[in-house]
Amino acid sequence: MNQLTQSNTQILSKNGIPSPSGWLVCPARNLALLFITNSKHPKNARNITTQLWHCTIKGIPTKLKNTRKMDLESAIETWNELLNHGWEGITEQINNRVA
């Protein structure tokens, strides 16, 4: 299994399974990716939903571009790849400011 690289964003660990959770914003600040862990039921803990958002220059999400579901391994790979390409974790709650 891939190792999860931590950033400023919360890494959830329910049922002993580390999962990416929270916002990553691209270096140009025009896109943000939200990782949502589906962990209400242990069977779903290995499924992650992502939402890709168009953003303002300040990195505030304004329009949903797409939603995807992926397995945990693919989500960890995507998370680590984005961090390695300059995406940043956001610690503040930006979803309250979505237009």
# chains A, B, ... in the order shown; residues from 1 in each chain; ligands from 1

call {"tool": "closest_atom_pairs", "arguments": {"of": "segment 57-96 of chain A", "to": "segment 16-29 of chain A", "cutoff": "8 Å", "atoms": "only C-alpha atoms", "output": "tab-separated table"}}
result
residue	atom	partner	partner_atom	distance
A:Ile57	CA	A:Arg29	CA	5.7
A:Lys58	CA	A:Arg29	CA	6.6
A:Gly59	CA	A:Arg29	CA	4.9
A:Leu72	CA	A:Ser19	CA	7.0
A:Ala75	CA	A:Pro20	CA	7.1
A:Ile76	CA	A:Pro20	CA	6.4
A:Trp79	CA	A:Pro20	CA	6.9
A:Leu82	CA	A:Cys26	CA	7.9
A:Gly86	CA	A:Pro27	CA	5.8
A:Trp87	CA	A:Cys26	CA	4.4
A:Glu88	CA	A:Leu24	CA	5.2
A:Gly89	CA	A:Leu24	CA	4.5
A:Ile90	CA	A:Trp23	CA	5.5
A:Thr91	CA	A:Trp23	CA	7.7

call {"tool": "write_last_selection", "arguments": {"atoms": "C-alpha atoms", "output": "CSV table (one decimal), in the first residue's frame"}}
result
chain,number,residue,atom,x,y,z
A,57,ILE,CA,-7.3,33.9,-7.5
A,58,LYS,CA,-7.4,33.7,-3.7
A,59,GLY,CA,-8.1,30.0,-3.9
A,72,LEU,CA,-8.2,4.4,-1.2
A,75,ALA,CA,-6.7,8.5,-3.7
A,76,ILE,CA,-3.4,8.2,-1.7
A,79,TRP,CA,-2.8,13.0,-3.0
A,82,LEU,CA,-0.4,16.5,-6.3
A,86,GLY,CA,3.3,21.9,-5.7
A,87,TRP,CA,-0.3,21.6,-4.5
A,88,GLU,CA,-0.8,22.9,-1.0
A,89,GLY,CA,-3.0,21.7,1.8
A,90,ILE,CA,-5.5,24.2,3.1
A,91,THR,CA,-6.3,24.1,6.9

call {"tool": "atom_distance", "arguments": {"atom1": "atom CA of Thr49 of chain A", "atom2": "atom CA of Glu77 of chain A"}}
result
13.8 Å

call {"tool": "select_by_dssp", "arguments": {"residues": "segment 32-66 of chain A", "states": "strand (DSSP E)", "output": "MDAnalysis selection string"}}
result
chainID A and resid 32:37 47:55 61:66

call {"tool": "atom_distance", "arguments": {"atom1": "atom CA of Thr50 of chain A", "atom2": "atom CA of Thr62 of chain A"}}
result
15.6 Å

call {"tool": "select_by_dssp", "arguments": {"residues": "segment 32-74 of chain A", "states": "helix (DSSP H, G or I)", "output": "PDB file with N, CA and C atoms, in the first residue's frame"}}
result
ATOM      1  N   PRO A  42     -17.703   0.808   7.930  1.00  0.00           N
ATOM      2  CA  PRO A  42     -16.350   0.254   7.707  1.00  0.00           C
ATOM      3  C   PRO A  42     -16.132  -0.277   6.299  1.00  0.00           C
ATOM      4  N   LYS A  43     -17.169  -0.781   5.669  1.00  0.00           N
ATOM      5  CA  LYS A  43     -17.041  -1.310   4.316  1.00  0.00           C
ATOM      6  C   LYS A  43     -16.688  -0.212   3.312  1.00  0.00           C
ATOM      7  N   ASN A  44     -17.126   1.014   3.597  1.00  0.00           N
ATOM      8  CA  ASN A  44     -16.888   2.141   2.691  1.00  0.00           C
ATOM      9  C   ASN A  44     -15.621   2.924   3.024  1.00  0.00           C
ATOM     10  N   LEU A  72      -9.177   3.772  -2.070  1.00  0.00           N
ATOM     11  CA  LEU A  72      -8.234   4.426  -1.169  1.00  0.00           C
ATOM     12  C   LEU A  72      -6.829   4.491  -1.746  1.00  0.00           C
ATOM     13  N   GLU A  73      -6.369   3.417  -2.337  1.00  0.00           N
ATOM     14  CA  GLU A  73      -5.014   3.377  -2.904  1.00  0.00           C
ATOM     15  C   GLU A  73      -4.834   4.450  -3.992  1.00  0.00           C
ATOM     16  N   SER A  74      -5.824   4.584  -4.878  1.00  0.00           N
ATOM     17  CA  SER A  74      -5.762   5.598  -5.937  1.00  0.00           C
ATOM     18  C   SER A  74      -5.807   7.008  -5.346  1.00  0.00           C
TER      19      SER A  74
END

call {"tool": "atom_distance", "arguments": {"atom1": "atom CA of Ile36 of chain A", "atom2": "atom CA of Leu83 of chain A"}}
result
16.7 Å

call {"tool": "residues_around", "arguments": {"residues": "Thr67 of chain A", "least_positions_apart": "6", "cutoff": "10 Å", "atoms": "only C-alpha atoms", "output": "ChimeraX atom specification"}}
result
/A:33-34,49-53

call {"tool": "write_last_selection", "arguments": {"atoms": "N, CA and C atoms", "output": "PDB file, in the first residue's frame"}}
result
ATOM      1  N   LEU A  33      -8.967  20.787  -5.011  1.00  0.00           N
ATOM      2  CA  LEU A  33      -9.482  19.426  -4.994  1.00  0.00           C
ATOM      3  C   LEU A  33      -9.821  19.068  -3.552  1.00  0.00           C
ATOM      4  N   LEU A  34     -11.070  18.670  -3.336  1.00  0.00           N
ATOM      5  CA  LEU A  34     -11.540  18.281  -2.012  1.00  0.00           C
ATOM      6  C   LEU A  34     -11.598  16.763  -1.944  1.00  0.00           C
ATOM      7  N   THR A  49     -14.226  10.118  -2.192  1.00  0.00           N
ATOM      8  CA  THR A  49     -14.846  10.957  -3.212  1.00  0.00           C
ATOM      9  C   THR A  49     -14.000  12.217  -3.334  1.00  0.00           C
ATOM     10  N   THR A  50     -13.742  12.658  -4.564  1.00  0.00           N
ATOM     11  CA  THR A  50     -13.044  13.927  -4.771  1.00  0.00           C
ATOM     12  C   THR A  50     -13.955  14.861  -5.564  1.00  0.00           C
ATOM     13  N   GLN A  51     -13.826  16.139  -5.250  1.00  0.00           N
ATOM     14  CA  GLN A  51     -14.531  17.186  -5.986  1.00  0.00           C
ATOM     15  C   GLN A  51     -13.491  18.186  -6.465  1.00  0.00           C
ATOM     16  N   LEU A  52     -13.445  18.413  -7.773  1.00  0.00           N
ATOM     17  CA  LEU A  52     -12.536  19.396  -8.353  1.00  0.00           C
ATOM     18  C   LEU A  52     -13.317  20.687  -8.574  1.00  0.00           C
ATOM     19  N   TRP A  53     -12.816  21.788  -8.016  1.00  0.00           N
ATOM     20  CA  TRP A  53     -13.491  23.086  -8.074  1.00  0.00           C
ATOM     21  C   TRP A  53     -12.649  24.113  -8.811  1.00  0.00           C
TER      22      TRP A  53
END
